[in-house]
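Shown next: target_8.cif, given as mmCIF, C-alpha atoms.
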data_entry
loop_
_atom_site.group_PDB
_atom_site.id
_atom_site.type_symbol
_atom_site.label_atom_id
_atom_site.label_comp_id
_atom_site.auth_asym_id
_atom_site.auth_seq_id
_atom_site.Cartn_x
_atom_site.Cartn_y
_atom_site.Cartn_z
ATOM 1 C CA MET A 1 0.000 0.000 0.000
ATOM 2 C CA SER A 2 1.053 3.555 -0.481
ATOM 3 C CA ASP A 3 1.505 5.604 2.663
ATOM 4 C CA PRO A 4 0.316 9.072 3.671
ATOM 5 C CA THR A 5 2.838 11.879 3.432
ATOM 6 C CA ALA A 6 2.546 12.753 7.117
ATOM 7 C CA GLU A 7 3.683 10.275 9.703
ATOM 8 C CA PRO A 8 4.187 10.265 13.461
ATOM 9 C CA GLY A 9 7.394 9.785 15.332
ATOM 10 C CA ALA A 10 9.779 11.736 13.117
ATOM 11 C CA PRO A 11 12.638 13.391 15.024
ATOM 12 C CA VAL A 12 12.249 17.072 15.685
ATOM 13 C CA GLU A 13 14.140 19.448 13.447
ATOM 14 C CA ASN A 14 17.011 20.291 15.787
ATOM 15 C CA GLN A 15 17.799 16.603 16.197
ATOM 16 C CA ALA A 16 18.720 16.425 12.522
ATOM 17 C CA ASP A 17 21.006 19.464 12.576
ATOM 18 C CA ALA A 18 24.708 19.096 11.913
ATOM 19 C CA ILE A 19 26.716 17.771 14.846
ATOM 20 C CA PRO A 20 29.199 20.381 16.156
ATOM 21 C CA PRO A 21 32.921 19.589 15.819
ATOM 22 C CA ALA A 22 34.515 17.680 18.666
ATOM 23 C CA ARG A 23 36.615 19.557 21.202
ATOM 24 C CA ASP A 24 40.315 18.795 21.655
ATOM 25 C CA ASN A 25 39.771 16.961 24.946
ATOM 26 C CA SER A 26 36.766 14.961 23.741
ATOM 27 C CA ILE A 27 36.540 11.181 23.455
ATOM 28 C CA ALA A 28 36.120 11.492 19.688
ATOM 29 C CA LYS A 29 39.420 13.368 19.341
ATOM 30 C CA GLU A 30 41.197 10.874 21.589
ATOM 31 C CA VAL A 31 39.977 7.918 19.524
ATOM 32 C CA GLU A 32 41.011 9.708 16.336
ATOM 33 C CA LYS A 33 44.549 10.112 17.683
ATOM 34 C CA ARG A 34 44.956 6.578 19.018
ATOM 35 C CA ALA A 35 43.098 4.620 16.319
ATOM 36 C CA PRO A 36 42.999 6.620 13.071
ATOM 37 C CA ARG A 37 42.425 3.477 11.009
ATOM 38 C CA LEU A 38 39.359 2.604 13.052
ATOM 39 C CA VAL A 39 38.042 6.134 12.579
ATOM 40 C CA ASP A 40 38.478 5.851 8.804
ATOM 41 C CA ILE A 41 36.566 2.564 8.767
ATOM 42 C CA ALA A 42 33.744 4.011 10.869
ATOM 43 C CA ARG A 43 33.464 7.223 8.862
ATOM 44 C CA THR A 44 31.281 5.781 6.059
ATOM 45 C CA PRO A 45 28.651 4.091 8.265
ATOM 46 C CA ASP A 46 28.690 7.189 10.455
ATOM 47 C CA LYS A 47 27.752 9.379 7.483
ATOM 48 C CA ILE A 48 25.074 6.923 6.362
ATOM 49 C CA ILE A 49 23.457 6.828 9.805
ATOM 50 C CA LEU A 50 23.465 10.622 10.084
ATOM 51 C CA ARG A 51 21.964 10.970 6.602
ATOM 52 C CA LEU A 52 19.348 8.378 7.493
ATOM 53 C CA ASN A 53 18.482 10.389 10.586
ATOM 54 C CA LYS A 54 18.023 13.501 8.437
ATOM 55 C CA LEU A 55 15.849 11.544 6.014
ATOM 56 C CA LEU A 56 13.601 10.267 8.809
ATOM 57 C CA ALA A 57 13.293 13.826 10.138
ATOM 58 C CA ALA A 58 12.210 15.191 6.754
ATOM 59 C CA PRO A 59 8.478 15.463 5.941
ATOM 60 C CA GLY A 60 7.435 12.158 4.403
ATOM 61 C CA GLY A 61 10.843 10.644 5.090
ATOM 62 C CA LEU A 62 9.704 7.942 7.488
ATOM 63 C CA SER A 63 6.957 6.639 5.204
ATOM 64 C CA ALA A 64 9.258 6.779 2.153
ATOM 65 C CA PHE A 65 11.959 4.807 3.943
ATOM 66 C CA LEU A 66 9.594 2.188 5.360
ATOM 67 C CA SER A 67 7.779 1.752 2.052
ATOM 68 C CA THR A 68 10.937 1.375 -0.044
ATOM 69 C CA PHE A 69 12.561 -0.942 2.488
ATOM 70 C CA ASN A 70 9.393 -3.017 2.858
ATOM 71 C CA TYR A 71 8.893 -3.604 -0.864
ATOM 72 C CA THR A 72 12.583 -4.342 -1.321
ATOM 73 C CA LEU A 73 12.231 -7.056 1.311
ATOM 74 C CA TYR A 74 9.201 -8.473 -0.518
ATOM 75 C CA LEU A 75 11.298 -8.740 -3.664
ATOM 76 C CA LEU A 76 14.180 -10.349 -1.762
ATOM 77 C CA THR A 77 11.766 -12.823 -0.163
ATOM 78 C CA PHE A 78 10.508 -13.843 -3.592
ATOM 79 C CA LEU A 79 14.040 -14.214 -4.958
ATOM 80 C CA GLU A 80 15.047 -16.203 -1.890
ATOM 81 C CA LEU A 81 12.204 -18.669 -2.436
ATOM 82 C CA LYS A 82 12.942 -19.010 -6.139
ATOM 83 C CA SER A 83 16.655 -19.532 -5.519
ATOM 84 C CA GLN A 84 16.224 -22.586 -3.280
ATOM 85 C CA PRO A 85 16.422 -25.145 -6.144
ATOM 86 C CA LEU A 86 19.535 -23.383 -7.438
ATOM 87 C CA GLN A 87 21.084 -23.440 -3.967
ATOM 88 C CA ALA A 88 20.377 -27.172 -3.739
ATOM 89 C CA ARG A 89 22.049 -27.830 -7.102
ATOM 90 C CA ILE A 90 25.099 -25.768 -6.142
ATOM 91 C CA ALA A 91 25.390 -27.660 -2.853
ATOM 92 C CA GLN A 92 25.137 -30.937 -4.750
ATOM 93 C CA ARG A 93 27.888 -29.897 -7.165
ATOM 94 C CA LEU A 94 30.113 -28.933 -4.244
ATOM 95 C CA GLY A 95 29.434 -32.247 -2.543
ATOM 96 C CA LYS A 96 27.651 -30.655 0.387
ATOM 97 C CA ALA A 97 24.362 -31.667 1.892
ATOM 98 C CA ALA A 98 21.478 -29.460 0.835
ATOM 99 C CA ALA A 99 20.047 -27.282 3.556
ATOM 100 C CA ALA A 100 16.921 -28.659 5.172
ATOM 101 C CA PRO A 101 13.700 -26.881 4.196
ATOM 102 C CA ARG A 102 12.897 -24.037 6.558
ATOM 103 C CA ALA A 103 9.975 -24.789 8.855
ATOM 104 C CA GLY A 104 8.683 -21.224 8.950
ATOM 105 C CA PRO A 105 9.204 -17.952 7.122
ATOM 106 C CA SER A 106 12.740 -16.729 6.586
ATOM 107 C CA PRO A 107 14.126 -13.775 8.575
ATOM 108 C CA ILE A 108 13.736 -11.582 5.481
ATOM 109 C CA ALA A 109 10.084 -12.582 5.092
ATOM 110 C CA SER A 110 9.459 -12.053 8.802
ATOM 111 C CA LEU A 111 10.985 -8.583 8.684
ATOM 112 C CA ALA A 112 8.898 -7.731 5.606
ATOM 113 C CA THR A 113 5.746 -8.798 7.455
ATOM 114 C CA LEU A 114 6.756 -6.773 10.499
ATOM 115 C CA LEU A 115 7.360 -3.638 8.425
ATOM 116 C CA SER A 116 4.058 -4.102 6.618
ATOM 117 C CA SER A 117 2.265 -4.286 9.959
ATOM 118 C CA CYS A 118 4.171 -1.214 11.143
ATOM 119 C CA ARG A 119 3.160 0.786 8.064
ATOM 120 C CA THR A 120 -0.477 -0.261 8.402
ATOM 121 C CA THR A 121 -0.439 0.846 12.030
ATOM 122 C CA LEU A 122 1.119 4.198 11.132
ATOM 123 C CA ARG A 123 -1.607 4.711 8.543
ATOM 124 C CA LEU A 124 -4.112 4.834 11.397
ATOM 125 C CA LEU A 125 -3.042 8.476 11.631
ATOM 126 C CA GLY A 126 -3.501 9.029 7.904
ATOM 127 C CA VAL A 127 -7.072 10.329 8.162
ATOM 128 C CA PRO A 128 -6.346 13.819 9.619
ATOM 129 C CA PRO A 129 -4.034 14.905 6.744
ATOM 130 C CA LEU A 130 -6.561 13.626 4.213
ATOM 131 C CA TYR A 131 -9.353 15.436 6.035
ATOM 132 C CA ALA A 132 -7.300 18.642 5.979
ATOM 133 C CA TRP A 133 -6.738 18.197 2.235
ATOM 134 C CA LEU A 134 -10.469 17.598 1.665
ATOM 135 C CA ARG A 135 -11.400 20.613 3.761
ATOM 136 C CA GLN A 136 -9.059 22.769 1.704
ATOM 137 C CA LEU A 137 -10.510 21.451 -1.548
ATOM 138 C CA LEU A 138 -14.053 22.114 -0.375
ATOM 139 C CA GLN A 139 -13.214 25.821 -0.261
ATOM 140 C CA GLY A 140 -13.404 25.713 -4.037
ATOM 141 C CA PRO A 141 -10.821 25.840 -6.830
ATOM 142 C CA LYS A 142 -7.955 28.282 -6.532
ATOM 143 C CA PRO A 143 -7.943 31.304 -8.839
ATOM 144 C CA GLY A 144 -6.948 30.152 -12.300
ATOM 145 C CA GLN A 145 -7.041 26.453 -11.408
ATOM 146 C CA ASP A 146 -8.317 24.142 -14.118
ATOM 147 C CA ARG A 147 -11.786 22.815 -13.293
ATOM 148 C CA VAL A 148 -10.981 19.283 -14.421
ATOM 149 C CA LEU A 149 -7.859 19.145 -12.258
ATOM 150 C CA TYR A 150 -9.821 20.492 -9.305
ATOM 151 C CA ALA A 151 -12.595 17.929 -9.728
ATOM 152 C CA THR A 152 -10.013 15.163 -10.100
ATOM 153 C CA ALA A 153 -8.225 16.216 -6.914
ATOM 154 C CA LEU A 154 -11.520 16.358 -5.016
ATOM 155 C CA THR A 155 -12.512 12.907 -6.276
ATOM 156 C CA GLN A 156 -9.116 11.424 -5.492
ATOM 157 C CA CYS A 157 -9.071 12.876 -1.996
ATOM 158 C CA THR A 158 -12.529 11.432 -1.334
ATOM 159 C CA PHE A 159 -11.453 7.976 -2.474
ATOM 160 C CA TYR A 160 -8.254 8.077 -0.420
ATOM 161 C CA LEU A 161 -10.169 9.212 2.649
ATOM 162 C CA LEU A 162 -12.615 6.348 2.127
ATOM 163 C CA PHE A 163 -9.736 3.899 1.690
ATOM 164 C CA GLN A 164 -7.995 5.026 4.842
ATOM 165 C CA SER A 165 -11.162 5.092 6.918
ATOM 166 C CA LEU A 166 -12.207 1.584 5.866
ATOM 167 C CA GLU A 167 -8.722 0.183 6.395
ATOM 168 C CA ASN A 168 -8.608 1.734 9.856
ATOM 169 C CA ILE A 169 -11.994 0.249 10.736
ATOM 170 C CA ALA A 170 -10.887 -3.193 9.551
ATOM 171 C CA LEU A 171 -7.579 -2.997 11.405
ATOM 172 C CA LEU A 172 -9.153 -1.829 14.653
ATOM 173 C CA THR A 173 -11.795 -4.552 14.360
ATOM 174 C CA ASP A 174 -9.113 -7.197 13.816
ATOM 175 C CA HIS A 175 -7.359 -6.053 16.981
ATOM 176 C CA LYS A 176 -10.601 -6.047 19.016
ATOM 177 C CA VAL A 177 -10.521 -2.285 19.471
ATOM 178 C CA LEU A 178 -13.848 -2.019 17.666
ATOM 179 C CA SER A 179 -16.611 -4.505 18.230
ATOM 180 C CA PRO A 180 -17.423 -6.769 15.250
ATOM 181 C CA ALA A 181 -21.055 -5.893 15.898
ATOM 182 C CA LEU A 182 -20.393 -2.416 14.496
ATOM 183 C CA THR A 183 -19.638 -3.842 11.061
ATOM 184 C CA ALA A 184 -21.829 -6.949 11.206
ATOM 185 C CA ARG A 185 -24.471 -5.539 8.859
ATOM 186 C CA PHE A 186 -21.865 -4.723 6.207
ATOM 187 C CA ASN A 187 -19.599 -7.646 7.009
ATOM 188 C CA LYS A 188 -21.906 -10.648 7.404
ATOM 189 C CA SER A 189 -19.121 -13.223 7.094
ATOM 190 C CA GLY A 190 -17.727 -12.203 10.471
ATOM 191 C CA SER A 191 -14.247 -11.465 9.092
ATOM 192 C CA THR A 192 -12.971 -8.099 7.936
ATOM 193 C CA ALA A 193 -12.025 -9.325 4.463
ATOM 194 C CA ARG A 194 -14.971 -7.561 2.845
ATOM 195 C CA ILE A 195 -14.061 -4.254 4.516
ATOM 196 C CA TYR A 196 -10.470 -4.572 3.360
ATOM 197 C CA ILE A 197 -11.410 -5.314 -0.231
ATOM 198 C CA TRP A 198 -13.655 -2.253 -0.428
ATOM 199 C CA SER A 199 -10.893 -0.138 1.062
ATOM 200 C CA TYR A 200 -8.534 -1.443 -1.625
ATOM 201 C CA ARG A 201 -11.109 -0.645 -4.291
ATOM 202 C CA ALA A 202 -11.215 2.924 -3.033
ATOM 203 C CA TRP A 203 -7.412 2.996 -3.171
ATOM 204 C CA PHE A 204 -7.508 1.669 -6.739
ATOM 205 C CA ALA A 205 -9.974 4.402 -7.716
ATOM 206 C CA GLY A 206 -7.641 6.983 -6.198
ATOM 207 C CA VAL A 207 -4.737 5.629 -8.244
ATOM 208 C CA VAL A 208 -6.843 5.851 -11.415
ATOM 209 C CA CYS A 209 -7.457 9.521 -10.621
ATOM 210 C CA ASP A 210 -3.723 10.095 -11.030
ATOM 211 C CA PHE A 211 -3.969 8.955 -14.649
ATOM 212 C CA VAL A 212 -6.828 11.400 -15.212
ATOM 213 C CA ARG A 213 -4.777 14.201 -13.664
ATOM 214 C CA LEU A 214 -1.698 13.374 -15.719
ATOM 215 C CA GLY A 215 -3.731 13.175 -18.906
ATOM 216 C CA ARG A 216 -5.312 16.564 -18.257
ATOM 217 C CA GLU A 217 -1.953 18.129 -17.382
ATOM 218 C CA ALA A 218 -0.488 16.797 -20.628
ATOM 219 C CA GLN A 219 -3.449 18.205 -22.556
ATOM 220 C CA LEU A 220 -3.040 21.636 -20.978
ATOM 221 C CA GLU A 221 0.707 21.600 -21.601
ATOM 222 C CA ARG A 222 0.213 20.772 -25.282
ATOM 223 C CA ALA A 223 -2.307 23.592 -25.618
ATOM 224 C CA LYS A 224 0.100 25.982 -23.911
ATOM 225 C CA ARG A 225 2.945 25.067 -26.262
ATOM 226 C CA ALA A 226 0.719 25.299 -29.326
ATOM 227 C CA LYS A 227 0.012 28.964 -28.547
ATOM 228 C CA ARG A 228 3.681 29.934 -28.644
ATOM 229 C CA SER A 229 5.053 31.893 -31.522
ATOM 230 C CA GLU A 230 7.779 30.466 -33.743
ATOM 231 C CA GLY A 231 10.348 32.673 -32.047
ATOM 232 C CA GLU A 232 9.393 31.473 -28.582
ATOM 233 C CA LYS A 233 9.528 27.798 -29.552
ATOM 234 C CA GLY A 234 13.224 27.954 -30.382
ATOM 235 C CA GLY A 235 14.317 29.828 -27.269
ATOM 236 C CA VAL A 236 16.879 28.083 -25.088
ATOM 237 C CA SER A 237 15.063 28.946 -21.869
ATOM 238 C CA VAL A 238 11.771 27.688 -23.304
ATOM 239 C CA LEU A 239 13.332 24.399 -24.392
ATOM 240 C CA GLU A 240 14.897 23.906 -20.966
ATOM 241 C CA GLU A 241 11.576 24.667 -19.307
ATOM 242 C CA ASP A 242 9.832 22.133 -21.546
ATOM 243 C CA GLN A 243 12.448 19.487 -20.803
ATOM 244 C CA LYS A 244 12.025 19.986 -17.054
ATOM 245 C CA ALA A 245 8.241 19.833 -17.375
ATOM 246 C CA ASP A 246 8.439 16.642 -19.445
ATOM 247 C CA ALA A 247 10.867 14.998 -17.014
ATOM 248 C CA LYS A 248 8.629 15.908 -14.075
ATOM 249 C CA TRP A 249 5.545 14.546 -15.859
ATOM 250 C CA TRP A 250 7.186 11.225 -16.692
ATOM 251 C CA ALA A 251 8.575 10.881 -13.168
ATOM 252 C CA GLU A 252 5.089 11.411 -11.766
ATOM 253 C CA ALA A 253 3.582 8.989 -14.294
ATOM 254 C CA VAL A 254 5.835 6.178 -13.064
ATOM 255 C CA VAL A 255 4.186 6.255 -9.631
ATOM 256 C CA PRO A 256 0.554 5.419 -10.559
ATOM 257 C CA ALA A 257 1.757 3.105 -13.331
ATOM 258 C CA SER A 258 3.637 1.118 -10.686
ATOM 259 C CA TRP A 259 0.828 1.146 -8.121
ATOM 260 C CA PHE A 260 -1.831 0.211 -10.703
ATOM 261 C CA PRO A 261 -1.231 -3.574 -10.936
ATOM 262 C CA MET A 262 -0.949 -3.903 -7.165
ATOM 263 C CA ALA A 263 -4.051 -1.820 -6.507
ATOM 264 C CA LEU A 264 -5.998 -3.788 -9.104
ATOM 265 C CA HIS A 265 -4.819 -7.089 -7.633
ATOM 266 C CA PHE A 266 -6.043 -6.203 -4.147
ATOM 267 C CA ALA A 267 -9.265 -4.687 -5.502
ATOM 268 C CA LEU A 268 -10.276 -7.997 -7.116
ATOM 269 C CA GLU A 269 -11.708 -10.745 -4.940
ATOM 270 C CA ASN A 270 -9.497 -13.397 -6.534
ATOM 271 C CA GLY A 271 -6.608 -11.104 -7.419
ATOM 272 C CA LEU A 272 -4.670 -10.948 -10.669
ATOM 273 C CA PRO A 273 -3.416 -14.234 -12.147
ATOM 274 C CA GLY A 274 0.329 -14.594 -11.715
ATOM 275 C CA PHE A 275 0.631 -11.784 -9.193
ATOM 276 C CA ASN A 276 3.188 -12.669 -6.527
ATOM 277 C CA LEU A 277 5.570 -11.191 -3.975
ATOM 278 C CA GLY A 278 8.118 -10.500 -6.685
ATOM 279 C CA VAL A 279 5.700 -8.420 -8.739
ATOM 280 C CA MET A 280 4.479 -6.626 -5.627
ATOM 281 C CA GLY A 281 8.002 -5.900 -4.445
ATOM 282 C CA MET A 282 9.067 -4.629 -7.851
ATOM 283 C CA ALA A 283 5.965 -2.468 -8.326
ATOM 284 C CA GLY A 284 6.052 -0.959 -4.846
ATOM 285 C CA GLY A 285 9.796 -0.411 -4.996
ATOM 286 C CA ILE A 286 9.617 1.436 -8.310
ATOM 287 C CA ALA A 287 6.643 3.509 -7.132
ATOM 288 C CA GLY A 288 8.492 4.808 -4.092
ATOM 289 C CA LEU A 289 12.032 4.881 -5.448
ATOM 290 C CA GLY A 290 11.868 8.361 -6.960
ATOM 291 C CA ARG A 291 10.530 9.933 -3.791
ATOM 292 C CA PHE A 292 13.019 8.086 -1.613
ATOM 293 C CA ALA A 293 15.922 8.991 -3.918
ATOM 294 C CA SER A 294 15.062 12.697 -3.878
ATOM 295 C CA LEU A 295 14.736 12.715 -0.085
ATOM 296 C CA TRP A 296 18.012 10.817 0.273
ATOM 297 C CA ALA A 297 19.804 13.201 -2.083
ATOM 298 C CA ALA A 298 18.558 16.128 -0.009
ATOM 299 C CA THR A 299 20.305 14.722 3.075
ATOM 300 C CA ALA A 300 23.692 15.338 1.432
ATOM 301 C CA GLU A 301 23.122 19.085 1.371
#
Whole structure given in structure tokens:
Amino acid sequence: MSDPTAEPGAPVENQADAIPPARDNSIAKEVEKRAPRLVDIARTPDKIILRLNKLLAAPGGLSAFLSTFNYTLYLLTFLELKSQPLQARIAQRLGKAAAAPRAGPSPIASLATLLSSCRTTLRLLGVPPLYAWLRQLLQGPKPGQDRVLYATALTQCTFYLLFQSLENIALLTDHKVLSPALTARFNKSGSTARIYIWSYRAWFAGVVCDFVRLGREAQLERAKRAKRSEGEKGGVSVLEEDQKADAKWWAEAVVPASWFPMALHFALENGLPGFNLGVMGMAGGIAGLGRFASLWAATAE
């Protein structure tokens, strides 16, 4: 699932600020004098950890990190399962006994499940930001805003709010926070599967709205470029502006295109044929990679 842009638990801003240089009589300086080789070895992981801290402190950083990491683990879990016959053949060639089949899920699969549960729990707090977005949209379109884009944003926000609300209800019911009697009329089977599938259908509808938005933006951009004079079309600044706009559009198009098969799979009662952890890991990883990469690059500044 995609995650809301706001998440709880991010470090406060001053925690992510640059660490002041060590004083001459500090432990850090003493270690640097006595074990310079050790300091050199530790310098790279030290930078990575500090950059990771800055990423988690950034708006949307926690959800971007958890999402990318989670879907990467799904992909690794799939590859791990598919590689077992190959591992057995390699062991046979080397004259070693093949490893006994694992009784339960692998550590990678267990961590992926844990992160998925963590992200679902964090999404319990996803309703307030969506409500704030909806409230802003209900004030009407901004001056000069395209009516189609406004209607698309309003529709998408409504679907995402419905998705998040239904998922929260299902999750809280599963954990006995809400009584099953509250959803018994809608959920006659006694399980929350029906609530989840309708939440996923709302999510799928929200993803489809992104295609509508992108199509309308492309239409408006073409109309804008068609109105330019011949002199304007050949200008260096205009060409650079167009290239940036095109790159931004394609980067944004990758996100719903990646979420689409996953959203459709979960929206169908029997899912998509051939859909597996590998496809899910690849799709989710690609969908969140651009956002994660931009946030990670910003930590180097």
field: Ground truth for the PyMOL selection byres ((chain A and resi 260) around 12), written as a ChimeraX atom specification
entry: /A:1-2,200-201,203-211,253-259,261-267,272,279-280,283-284,286-287
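When you apply the PyMOL selection byres ((chain A and resi 108) around 12) to this structure, what comes back is Phe69, Asn70, Tyr71, Thr72, Leu73, Tyr74, Leu75, Leu76, Thr77, Phe78, Leu79, Glu80, Leu81, Gly104, Pro105, Ser106, Pro107, Ala109, Ser110, Leu111, Ala112, Thr113, Leu114 and Leu115 of chain A.
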field: Atom pair CA of Ile169 (chain A) / CA of Ala184 (chain A): separation (Å)
entry: 12.2 Å
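Proximity of A:Glu221, A:Lys47, A:Phe163, A:Gly278 to Ser199 (chain A), computed with all atoms listed in the file, is greatest for A:Phe163.
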task: Measure the distance from CA of Gly126 (chain A) to CA of Arg147 (chain A) in Å and round it to one decimal.
output: 26.6 Å
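When all atoms listed in the file are used to measure the gap to Pro180 (chain A), the shortest distance among A:Gln219, A:Phe65, A:Ile195, A:Lys224 belongs to A:Ile195.
From CA of Arg216 (chain A) back to CA of Leu138 (chain A), the distance works out to 20.7 Å.
In this comparison, which uses all atoms listed in the file, the residue of A:Ile197, A:Ala226, A:Val212, A:Ala297 approaching Leu268 (chain A) most closely is A:Ile197.
With distances taken over all atoms listed in the file, A:Gly215 is the one residue among A:Gly215, A:Leu52, A:Ser179, A:Thr192 lying closest to Val148 (chain A).
With all atoms listed in the file as the atoms that count, the residue of A:Ser63, A:Trp133, A:His175, A:Lys82 with the shortest distance to Asn276 (chain A) is A:Lys82.
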Need to verify the contact set: region 236-245 of chain A, 10 Å, all atoms listed in the file, exclusion of same-chain residues closer than 4 positions in sequence. Can you return it as a short mmCIF file (atom, residue, chain, number, x, y, z; two decimals) with C-alpha atoms, in the frame of the given file?
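Dumped everything to out-v9.cif:
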data_model
loop_
_atom_site.label_atom_id
_atom_site.label_comp_id
_atom_site.auth_asym_id
_atom_site.auth_seq_id
_atom_site.Cartn_x
_atom_site.Cartn_y
_atom_site.Cartn_z
CA ALA A 218 -0.49 16.80 -20.63
CA GLU A 221 0.71 21.60 -21.60
CA ARG A 225 2.94 25.07 -26.26
CA ARG A 228 3.68 29.93 -28.64
CA GLU A 232 9.39 31.47 -28.58
CA TRP A 249 5.54 14.55 -15.86
CA TRP A 250 7.19 11.22 -16.69
CA ALA A 251 8.57 10.88 -13.17
#
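Compared by their closest atoms to Gln156 (chain A), and using all atoms listed in the file, the residues A:Arg135, A:Asp246, A:Leu172, A:Arg213 rank with A:Arg213 nearest.
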Residue by residue, what does the PyMOL selection byres ((chain A and resi 296) around 9) grab here? Present the result as a short mmCIF file (atom, residue, chain, number, x, y, z; two decimals) with C-alpha atoms, in the coordinates of the input.
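Once everything was written out, this is out.cif:
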data_model
loop_
_atom_site.label_atom_id
_atom_site.label_comp_id
_atom_site.auth_asym_id
_atom_site.auth_seq_id
_atom_site.Cartn_x
_atom_site.Cartn_y
_atom_site.Cartn_z
CA ARG A 51 21.96 10.97 6.60
CA LEU A 52 19.35 8.38 7.49
CA LYS A 54 18.02 13.50 8.44
CA LEU A 55 15.85 11.54 6.01
CA GLY A 61 10.84 10.64 5.09
CA ARG A 291 10.53 9.93 -3.79
CA PHE A 292 13.02 8.09 -1.61
CA ALA A 293 15.92 8.99 -3.92
CA SER A 294 15.06 12.70 -3.88
CA LEU A 295 14.74 12.72 -0.08
CA ALA A 297 19.80 13.20 -2.08
CA ALA A 298 18.56 16.13 -0.01
CA THR A 299 20.30 14.72 3.08
CA ALA A 300 23.69 15.34 1.43
#
